[in-house]
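The structure under discussion appears below in the form of structure tokens.
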Amino acid sequence: MMSSERRPPPSLHFGQVVIGPPGSGKTTYCQGMQDFLTQLGRKVVVVNMDPANDGLPYSCGVDISELVTLDDVMDGLKLGPNGGLLYCMEYVEANLDWLENKLKQHKDCYFLFDCPGQVELYTHQNSVKNIFSQLAKWNFRLTAVHLVDSHYCADPAKFISVLCTSLSTMLHVELPHVNVLSKMDLIEQYGKLAFNLDFYTEVMDLSYLLDHLAADPFFKKFRLLNEKIAEVIQDYSLVSFVPLNVQDKESMIQVLRAVDKANGCCFGNLEERNLQAMMSAAVGADFQFSSYPFLIVAVTHSESPVLK
């Protein structure tokens with residue numbers, strides 16, 4: 001006879017894996033987001049996944065340098081910084097039991113994974129992707145937050161290159177994804193933008209950027225190639241950006257909303273769902289149940305089979 005007692009559902013762990021090129025502001029973002037979430041009342045653990053990241057500005061709950069460091073690998077195996085970092089992530093993948101034991105020490109926390117800045121780790125090398133996949137098997141619900149320095153908007157060629165990198169990363173990493181234009185407070189220092197900011201965040205018609213590229217004698221001879229690259233980006237229609245200034249509260253709120261919507265954190269843990277947050281995510285705005293009394297009856301009626 002089967003027991004009528006139901007097993008408690010497995011606990012979910014929500015969080016972010018913060019990725020992006022070197023110098024895009026990943027560590028600064030983790031520090032700022034840790035402080036911001038703590039003020040909101042969330043218990044936050046930052047996991048340093050970068051074996052080359054020393055002198056951390058934030059309090060670190062798990063530090064991968066306790067397992068392996070880039071300097072040790074470079075000295076011991078006579079590798080350069082790029083090859084050494086690839087080896088480090090392969091070593092972490094081979095020792096996931098160490099990572100699991102460290103993460104298990106932190107209960108009911110929100111996790112920020114501060115990842116290395118080497119681009120090929122997220123475009124075609126599989127170690128980091130496999131680590132993320134294993135985290136999902138451990139009931140981590142993660143959003144990839146891909147940071148891109150906003151100064152690339154000032155150069156059409158660099159911006160198209162960033163779009164290609166972002167698209168490739170989204171397809172390879174296979175996680176819910178939020179692309180972020182970081183350092184927006186400094187964008188005016190990089191020069192005048194060819195279009196307004198919405199053009200870059202929403203990735204509108206790239207043919208306008210191609211016209212700007214054609215004005216450059218170097219890029220003019222590659223116009224056909226540039227057109228085909230732009231077509232690939234627009235055919236997928238996946239890339240868009242959220243602007244971020246880490247020191248601006250409203251900017252942080254917008255990023256956090258996008259992240260929580262992507263990984264399901266705004267929906268709560270399994271059955272413990274916040275209906276107002278679900279409706280807000282569905283309509284893309286703050287949903288007020290008080291304005292729709294018939295919905296309150298529909299979702300709270302005791303005879304509703306949905307809630308039984």
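We name chains A, B, ... following the order of the structure tokens; residues begin at 1 in each chain, and ligands are numbered from 1 as shown.
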Per residue of segment 172-232 of chain A within 7 Å of segment 243-247 of chain A, record the nearest atom pair and its distance in Å to one decimal, counting only C-alpha atoms, with rows in chain order and ascending residue number, as CSV.
```
residue,atom,partner,partner_atom,distance
A:Val180,CA,A:Pro243,CA,5.8
A:Leu181,CA,A:Pro243,CA,4.7
A:Ser182,CA,A:Leu244,CA,5.0
A:Lys183,CA,A:Asn245,CA,5.5
A:Met184,CA,A:Asn245,CA,5.2
A:Asp185,CA,A:Asn245,CA,5.7
```
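For the residues A:Ile64, A:Ala52, A:Val128, A:Met74, ranking by smallest atom-to-atom distance to Met89 of chain A using only C-alpha atoms places A:Val128 first.
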I'd like the neighbourhood of Tyr58 of chain A as JSON, numbers by chain, where a residue qualifies if any of its atoms comes within 9 Å (using only C-alpha atoms), though same-chain residues fewer than 5 positions away should be ignored.
{"A": [27, 28, 30, 31, 32, 34, 46]}
Go ahead and dump the residues you just picked, C-alpha atoms, as a PDB file, in the first residue's frame.
```pdb
ATOM      1  CA  THR A  27      32.395  42.160 -10.267  1.00  0.00           C
ATOM      2  CA  THR A  28      31.068  45.688  -9.737  1.00  0.00           C
ATOM      3  CA  CYS A  30      27.801  41.554  -8.253  1.00  0.00           C
ATOM      4  CA  GLN A  31      28.822  43.919  -5.475  1.00  0.00           C
ATOM      5  CA  GLY A  32      26.058  46.383  -6.312  1.00  0.00           C
ATOM      6  CA  GLN A  34      24.422  42.027  -3.477  1.00  0.00           C
ATOM      7  CA  VAL A  46      28.051  35.564  -4.016  1.00  0.00           C
TER       8      VAL A  46
END
```
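Proximity ranking of A:Cys266, A:Gly61, A:Glu174, A:Val73 relative to Lys104 of chain A places A:Gly61 first, based on only C-alpha atoms.
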Find the residues near segment 235-238 of chain A: any atom within 12 Å, counting only C-alpha atoms, skip ones fewer than 3 places away on the same chain, and give them as a VMD selection string.
chain A and resid 163 to 164 166 to 171 176 to 179 201 to 206 227 to 232 241
Apply DSSP to the backbone of this structure and, from segment 4-202 of chain A, keep only the residues in alpha helix (DSSP H); write these as a PyMOL selection string.
chain A and resi 26-39+70-77+81-94+96-104+120-123+127-137+156-173+197-201
Write out the residues from the selection above, keeping C-alpha atoms, as a JSON list (two decimals), in the first residue's frame.
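The result, stored in selection28.json:
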```json
[["chain", "number", "residue", "atom", "x", "y", "z"],
["A", 26, "LYS", "CA", 30.76, 41.91, -13.70],
["A", 27, "THR", "CA", 32.39, 42.16, -10.27],
["A", 28, "THR", "CA", 31.07, 45.69, -9.74],
["A", 29, "TYR", "CA", 27.61, 44.45, -10.73],
["A", 30, "CYS", "CA", 27.80, 41.55, -8.25],
["A", 31, "GLN", "CA", 28.82, 43.92, -5.47],
["A", 32, "GLY", "CA", 26.06, 46.38, -6.31],
["A", 33, "MET", "CA", 23.40, 43.69, -6.74],
["A", 34, "GLN", "CA", 24.42, 42.03, -3.48],
["A", 35, "ASP", "CA", 23.98, 45.31, -1.60],
["A", 36, "PHE", "CA", 20.71, 46.07, -3.41],
["A", 37, "LEU", "CA", 19.15, 42.64, -2.75],
["A", 38, "THR", "CA", 20.26, 42.74, 0.88],
["A", 39, "GLN", "CA", 18.40, 46.02, 1.31],
["A", 70, "LEU", "CA", 44.95, 30.71, -12.56],
["A", 71, "ASP", "CA", 48.43, 31.58, -11.27],
["A", 72, "ASP", "CA", 49.03, 28.03, -10.02],
["A", 73, "VAL", "CA", 47.89, 26.53, -13.33],
["A", 74, "MET", "CA", 50.03, 28.90, -15.39],
["A", 75, "ASP", "CA", 53.11, 28.19, -13.25],
["A", 76, "GLY", "CA", 52.57, 24.44, -12.98],
["A", 77, "LEU", "CA", 51.53, 23.68, -16.57],
["A", 81, "PRO", "CA", 46.34, 33.18, -19.38],
["A", 82, "ASN", "CA", 43.78, 32.03, -21.96],
["A", 83, "GLY", "CA", 44.79, 28.37, -21.95],
["A", 84, "GLY", "CA", 45.17, 28.45, -18.18],
["A", 85, "LEU", "CA", 41.64, 29.77, -17.67],
["A", 86, "LEU", "CA", 40.20, 27.10, -19.95],
["A", 87, "TYR", "CA", 42.04, 24.45, -17.92],
["A", 88, "CYS", "CA", 40.74, 25.94, -14.66],
["A", 89, "MET", "CA", 37.12, 25.69, -15.77],
["A", 90, "GLU", "CA", 37.66, 22.13, -17.00],
["A", 91, "TYR", "CA", 39.13, 21.36, -13.57],
["A", 92, "VAL", "CA", 36.07, 22.81, -11.86],
["A", 93, "GLU", "CA", 33.84, 20.70, -14.12],
["A", 94, "ALA", "CA", 35.80, 17.59, -13.08],
["A", 96, "LEU", "CA", 31.73, 19.45, -9.19],
["A", 97, "ASP", "CA", 31.34, 17.50, -5.94],
["A", 98, "TRP", "CA", 33.51, 20.19, -4.29],
["A", 99, "LEU", "CA", 31.21, 22.91, -5.61],
["A", 100, "GLU", "CA", 28.09, 21.02, -4.56],
["A", 101, "ASN", "CA", 29.32, 20.61, -0.99],
["A", 102, "LYS", "CA", 30.15, 24.32, -0.77],
["A", 103, "LEU", "CA", 26.76, 25.38, -2.10],
["A", 104, "LYS", "CA", 24.91, 23.04, 0.26],
["A", 120, "GLU", "CA", 35.09, 31.73, -25.69],
["A", 121, "LEU", "CA", 33.94, 30.10, -22.44],
["A", 122, "TYR", "CA", 30.40, 31.15, -23.41],
["A", 123, "THR", "CA", 30.46, 30.90, -27.19],
["A", 127, "SER", "CA", 32.94, 23.44, -19.50],
["A", 128, "VAL", "CA", 30.99, 26.43, -18.20],
["A", 129, "LYS", "CA", 27.87, 25.30, -20.06],
["A", 130, "ASN", "CA", 28.14, 21.87, -18.41],
["A", 131, "ILE", "CA", 28.60, 23.47, -14.98],
["A", 132, "PHE", "CA", 25.43, 25.50, -15.52],
["A", 133, "SER", "CA", 23.59, 22.35, -16.62],
["A", 134, "GLN", "CA", 24.64, 20.56, -13.44],
["A", 135, "LEU", "CA", 23.48, 23.50, -11.34],
["A", 136, "ALA", "CA", 20.06, 23.13, -12.96],
["A", 137, "LYS", "CA", 20.01, 19.45, -11.90],
["A", 156, "PRO", "CA", 28.42, 50.82, -35.23],
["A", 157, "ALA", "CA", 30.98, 48.13, -36.12],
["A", 158, "LYS", "CA", 31.65, 47.27, -32.47],
["A", 159, "PHE", "CA", 27.93, 47.26, -31.69],
["A", 160, "ILE", "CA", 27.19, 44.74, -34.44],
["A", 161, "SER", "CA", 30.10, 42.64, -33.16],
["A", 162, "VAL", "CA", 28.59, 42.77, -29.65],
["A", 163, "LEU", "CA", 25.23, 41.65, -31.04],
["A", 164, "CYS", "CA", 26.90, 38.62, -32.65],
["A", 165, "THR", "CA", 28.67, 37.73, -29.40],
["A", 166, "SER", "CA", 25.48, 38.15, -27.38],
["A", 167, "LEU", "CA", 23.48, 35.99, -29.78],
["A", 168, "SER", "CA", 26.14, 33.27, -29.84],
["A", 169, "THR", "CA", 26.27, 33.28, -26.04],
["A", 170, "MET", "CA", 22.49, 33.01, -25.73],
["A", 171, "LEU", "CA", 22.38, 30.01, -28.05],
["A", 172, "HIS", "CA", 25.35, 28.24, -26.44],
["A", 173, "VAL", "CA", 24.73, 28.76, -22.72],
["A", 197, "LEU", "CA", 19.07, 54.85, -26.82],
["A", 198, "ASP", "CA", 15.95, 52.84, -27.65],
["A", 199, "PHE", "CA", 17.44, 51.95, -31.01],
["A", 200, "TYR", "CA", 20.28, 50.12, -29.25],
["A", 201, "THR", "CA", 18.35, 48.55, -26.37]]
```
Listing only residues of segment 8-87 of chain A within 8 Å of segment 138-146 of chain A, what is the closest atom pair and its distance in Å (to one decimal) for each, using only C-alpha atoms, sorted by chain and residue number ascending, as JSON lines?
```
{"residue": "A:Pro10", "atom": "CA", "partner": "A:Asn139", "partner_atom": "CA", "distance": 7.6}
{"residue": "A:Ser11", "atom": "CA", "partner": "A:Asn139", "partner_atom": "CA", "distance": 7.0}
{"residue": "A:Leu12", "atom": "CA", "partner": "A:Asn139", "partner_atom": "CA", "distance": 5.2}
{"residue": "A:His13", "atom": "CA", "partner": "A:Phe140", "partner_atom": "CA", "distance": 4.6}
{"residue": "A:Phe14", "atom": "CA", "partner": "A:Arg141", "partner_atom": "CA", "distance": 4.8}
{"residue": "A:Gly15", "atom": "CA", "partner": "A:Leu142", "partner_atom": "CA", "distance": 4.9}
{"residue": "A:Gln16", "atom": "CA", "partner": "A:Thr143", "partner_atom": "CA", "distance": 4.8}
{"residue": "A:Val17", "atom": "CA", "partner": "A:Ala144", "partner_atom": "CA", "distance": 4.9}
{"residue": "A:Val18", "atom": "CA", "partner": "A:Val145", "partner_atom": "CA", "distance": 4.9}
{"residue": "A:Ile19", "atom": "CA", "partner": "A:His146", "partner_atom": "CA", "distance": 4.9}
{"residue": "A:Gly20", "atom": "CA", "partner": "A:His146", "partner_atom": "CA", "distance": 5.1}
```
Which residue gives the smallest distance to Tyr110 of chain A among A:Gly55, A:Lys261, A:Arg42, A:Asp50, with only C-alpha atoms counted?
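Nearest candidate to Tyr110 of chain A out of A:Gly55, A:Lys261, A:Arg42, A:Asp50: A:Arg42.
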Where does DSSP see strand (DSSP E) in segment 12-92 of chain A, if you list the residues as a PDB file with all heavy atoms, in the first residue's frame?
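As a result, states-v7.pdb now contains:
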```pdb
ATOM      1  N   HIS A  13      16.532  26.987  -5.758  1.00  0.00           N
ATOM      2  CA  HIS A  13      17.499  28.040  -5.462  1.00  0.00           C
ATOM      3  C   HIS A  13      17.540  28.972  -6.668  1.00  0.00           C
ATOM      4  O   HIS A  13      17.906  28.553  -7.761  1.00  0.00           O
ATOM      5  CB  HIS A  13      18.890  27.454  -5.207  1.00  0.00           C
ATOM      6  CG  HIS A  13      18.902  26.301  -4.257  1.00  0.00           C
ATOM      7  ND1 HIS A  13      18.716  26.436  -2.908  1.00  0.00           N
ATOM      8  CD2 HIS A  13      19.058  24.975  -4.491  1.00  0.00           C
ATOM      9  CE1 HIS A  13      18.774  25.258  -2.331  1.00  0.00           C
ATOM     10  NE2 HIS A  13      18.968  24.347  -3.268  1.00  0.00           N
ATOM     11  N   PHE A  14      17.165  30.212  -6.465  1.00  0.00           N
ATOM     12  CA  PHE A  14      17.164  31.179  -7.557  1.00  0.00           C
ATOM     13  C   PHE A  14      18.458  31.982  -7.554  1.00  0.00           C
ATOM     14  O   PHE A  14      19.118  32.124  -6.514  1.00  0.00           O
ATOM     15  CB  PHE A  14      15.972  32.129  -7.422  1.00  0.00           C
ATOM     16  CG  PHE A  14      14.644  31.449  -7.611  1.00  0.00           C
ATOM     17  CD1 PHE A  14      13.874  31.102  -6.511  1.00  0.00           C
ATOM     18  CD2 PHE A  14      14.180  31.148  -8.871  1.00  0.00           C
ATOM     19  CE1 PHE A  14      12.654  30.472  -6.680  1.00  0.00           C
ATOM     20  CE2 PHE A  14      12.967  30.518  -9.057  1.00  0.00           C
ATOM     21  CZ  PHE A  14      12.195  30.178  -7.952  1.00  0.00           C
ATOM     22  N   GLY A  15      18.816  32.493  -8.730  1.00  0.00           N
ATOM     23  CA  GLY A  15      20.034  33.282  -8.788  1.00  0.00           C
ATOM     24  C   GLY A  15      20.393  33.725 -10.190  1.00  0.00           C
ATOM     25  O   GLY A  15      19.613  33.575 -11.136  1.00  0.00           O
ATOM     26  N   GLN A  16      21.601  34.278 -10.312  1.00  0.00           N
ATOM     27  CA  GLN A  16      22.105  34.812 -11.566  1.00  0.00           C
ATOM     28  C   GLN A  16      23.517  34.310 -11.819  1.00  0.00           C
ATOM     29  O   GLN A  16      24.307  34.207 -10.869  1.00  0.00           O
ATOM     30  CB  GLN A  16      22.135  36.347 -11.526  1.00  0.00           C
ATOM     31  CG  GLN A  16      20.855  37.014 -11.087  1.00  0.00           C
ATOM     32  CD  GLN A  16      21.003  38.503 -10.907  1.00  0.00           C
ATOM     33  OE1 GLN A  16      21.853  39.151 -11.552  1.00  0.00           O
ATOM     34  NE2 GLN A  16      20.189  39.078 -10.033  1.00  0.00           N
ATOM     35  N   VAL A  17      23.816  33.996 -13.069  1.00  0.00           N
ATOM     36  CA  VAL A  17      25.204  33.782 -13.475  1.00  0.00           C
ATOM     37  C   VAL A  17      25.604  35.017 -14.277  1.00  0.00           C
ATOM     38  O   VAL A  17      25.003  35.339 -15.297  1.00  0.00           O
ATOM     39  CB  VAL A  17      25.395  32.485 -14.279  1.00  0.00           C
ATOM     40  CG1 VAL A  17      25.187  31.283 -13.397  1.00  0.00           C
ATOM     41  CG2 VAL A  17      24.459  32.397 -15.478  1.00  0.00           C
ATOM     42  N   VAL A  18      26.579  35.742 -13.779  1.00  0.00           N
ATOM     43  CA  VAL A  18      26.966  37.035 -14.354  1.00  0.00           C
ATOM     44  C   VAL A  18      28.148  36.807 -15.284  1.00  0.00           C
ATOM     45  O   VAL A  18      29.235  36.426 -14.848  1.00  0.00           O
ATOM     46  CB  VAL A  18      27.314  38.041 -13.249  1.00  0.00           C
ATOM     47  CG1 VAL A  18      27.622  39.407 -13.850  1.00  0.00           C
ATOM     48  CG2 VAL A  18      26.167  38.147 -12.241  1.00  0.00           C
ATOM     49  N   ILE A  19      27.926  37.019 -16.576  1.00  0.00           N
ATOM     50  CA  ILE A  19      28.938  36.747 -17.585  1.00  0.00           C
ATOM     51  C   ILE A  19      29.147  37.988 -18.441  1.00  0.00           C
ATOM     52  O   ILE A  19      28.393  38.958 -18.356  1.00  0.00           O
ATOM     53  CB  ILE A  19      28.539  35.542 -18.477  1.00  0.00           C
ATOM     54  CG1 ILE A  19      27.220  35.833 -19.211  1.00  0.00           C
ATOM     55  CG2 ILE A  19      28.395  34.286 -17.630  1.00  0.00           C
ATOM     56  CD1 ILE A  19      26.752  34.702 -20.118  1.00  0.00           C
ATOM     57  N   VAL A  44      21.625  36.863   0.401  1.00  0.00           N
ATOM     58  CA  VAL A  44      22.402  36.733  -0.835  1.00  0.00           C
ATOM     59  C   VAL A  44      23.748  36.078  -0.561  1.00  0.00           C
ATOM     60  O   VAL A  44      24.428  36.402   0.418  1.00  0.00           O
ATOM     61  CB  VAL A  44      22.628  38.116  -1.490  1.00  0.00           C
ATOM     62  CG1 VAL A  44      23.358  37.977  -2.819  1.00  0.00           C
ATOM     63  CG2 VAL A  44      21.301  38.833  -1.687  1.00  0.00           C
ATOM     64  N   VAL A  45      24.116  35.146  -1.462  1.00  0.00           N
ATOM     65  CA  VAL A  45      25.439  34.539  -1.439  1.00  0.00           C
ATOM     66  C   VAL A  45      26.099  34.783  -2.793  1.00  0.00           C
ATOM     67  O   VAL A  45      25.519  34.477  -3.837  1.00  0.00           O
ATOM     68  CB  VAL A  45      25.367  33.019  -1.165  1.00  0.00           C
ATOM     69  CG1 VAL A  45      26.736  32.372  -1.359  1.00  0.00           C
ATOM     70  CG2 VAL A  45      24.851  32.758   0.242  1.00  0.00           C
ATOM     71  N   VAL A  46      27.296  35.369  -2.777  1.00  0.00           N
ATOM     72  CA  VAL A  46      28.051  35.564  -4.016  1.00  0.00           C
ATOM     73  C   VAL A  46      29.057  34.425  -4.152  1.00  0.00           C
ATOM     74  O   VAL A  46      29.788  34.109  -3.208  1.00  0.00           O
ATOM     75  CB  VAL A  46      28.787  36.914  -4.029  1.00  0.00           C
ATOM     76  CG1 VAL A  46      29.513  37.108  -5.359  1.00  0.00           C
ATOM     77  CG2 VAL A  46      27.808  38.058  -3.800  1.00  0.00           C
ATOM     78  N   VAL A  47      29.063  33.803  -5.332  1.00  0.00           N
ATOM     79  CA  VAL A  47      29.980  32.709  -5.625  1.00  0.00           C
ATOM     80  C   VAL A  47      30.995  33.203  -6.653  1.00  0.00           C
ATOM     81  O   VAL A  47      30.632  33.513  -7.792  1.00  0.00           O
ATOM     82  CB  VAL A  47      29.225  31.474  -6.179  1.00  0.00           C
ATOM     83  CG1 VAL A  47      30.197  30.331  -6.452  1.00  0.00           C
ATOM     84  CG2 VAL A  47      28.135  31.040  -5.208  1.00  0.00           C
ATOM     85  N   ASN A  48      32.261  33.295  -6.255  1.00  0.00           N
ATOM     86  CA  ASN A  48      33.303  33.695  -7.192  1.00  0.00           C
ATOM     87  C   ASN A  48      33.722  32.498  -8.032  1.00  0.00           C
ATOM     88  O   ASN A  48      34.343  31.561  -7.536  1.00  0.00           O
ATOM     89  CB  ASN A  48      34.514  34.254  -6.447  1.00  0.00           C
ATOM     90  CG  ASN A  48      35.658  34.567  -7.390  1.00  0.00           C
ATOM     91  OD1 ASN A  48      35.438  35.047  -8.501  1.00  0.00           O
ATOM     92  ND2 ASN A  48      36.882  34.282  -6.977  1.00  0.00           N
ATOM     93  N   VAL A  62      31.271  31.530  -1.487  1.00  0.00           N
ATOM     94  CA  VAL A  62      32.015  30.416  -2.063  1.00  0.00           C
ATOM     95  C   VAL A  62      33.053  31.004  -3.014  1.00  0.00           C
ATOM     96  O   VAL A  62      32.723  31.843  -3.861  1.00  0.00           O
ATOM     97  CB  VAL A  62      31.093  29.442  -2.830  1.00  0.00           C
ATOM     98  CG1 VAL A  62      31.902  28.299  -3.439  1.00  0.00           C
ATOM     99  CG2 VAL A  62      29.992  28.897  -1.923  1.00  0.00           C
ATOM    100  N   ASP A  63      34.295  30.576  -2.878  1.00  0.00           N
ATOM    101  CA  ASP A  63      35.381  31.116  -3.696  1.00  0.00           C
ATOM    102  C   ASP A  63      36.090  29.967  -4.413  1.00  0.00           C
ATOM    103  O   ASP A  63      36.675  29.090  -3.777  1.00  0.00           O
ATOM    104  CB  ASP A  63      36.370  31.878  -2.824  1.00  0.00           C
ATOM    105  CG  ASP A  63      37.368  32.693  -3.646  1.00  0.00           C
ATOM    106  OD1 ASP A  63      37.416  32.516  -4.883  1.00  0.00           O
ATOM    107  OD2 ASP A  63      38.098  33.504  -3.042  1.00  0.00           O
TER     108      ASP A  63
END
```
How far is it from atom CA of Lys43 of chain A to atom CA of Lys107 of chain A, in Å with one decimal?
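Taking atom CA of Lys43 of chain A and atom CA of Lys107 of chain A, their separation equals 9.3 Å.
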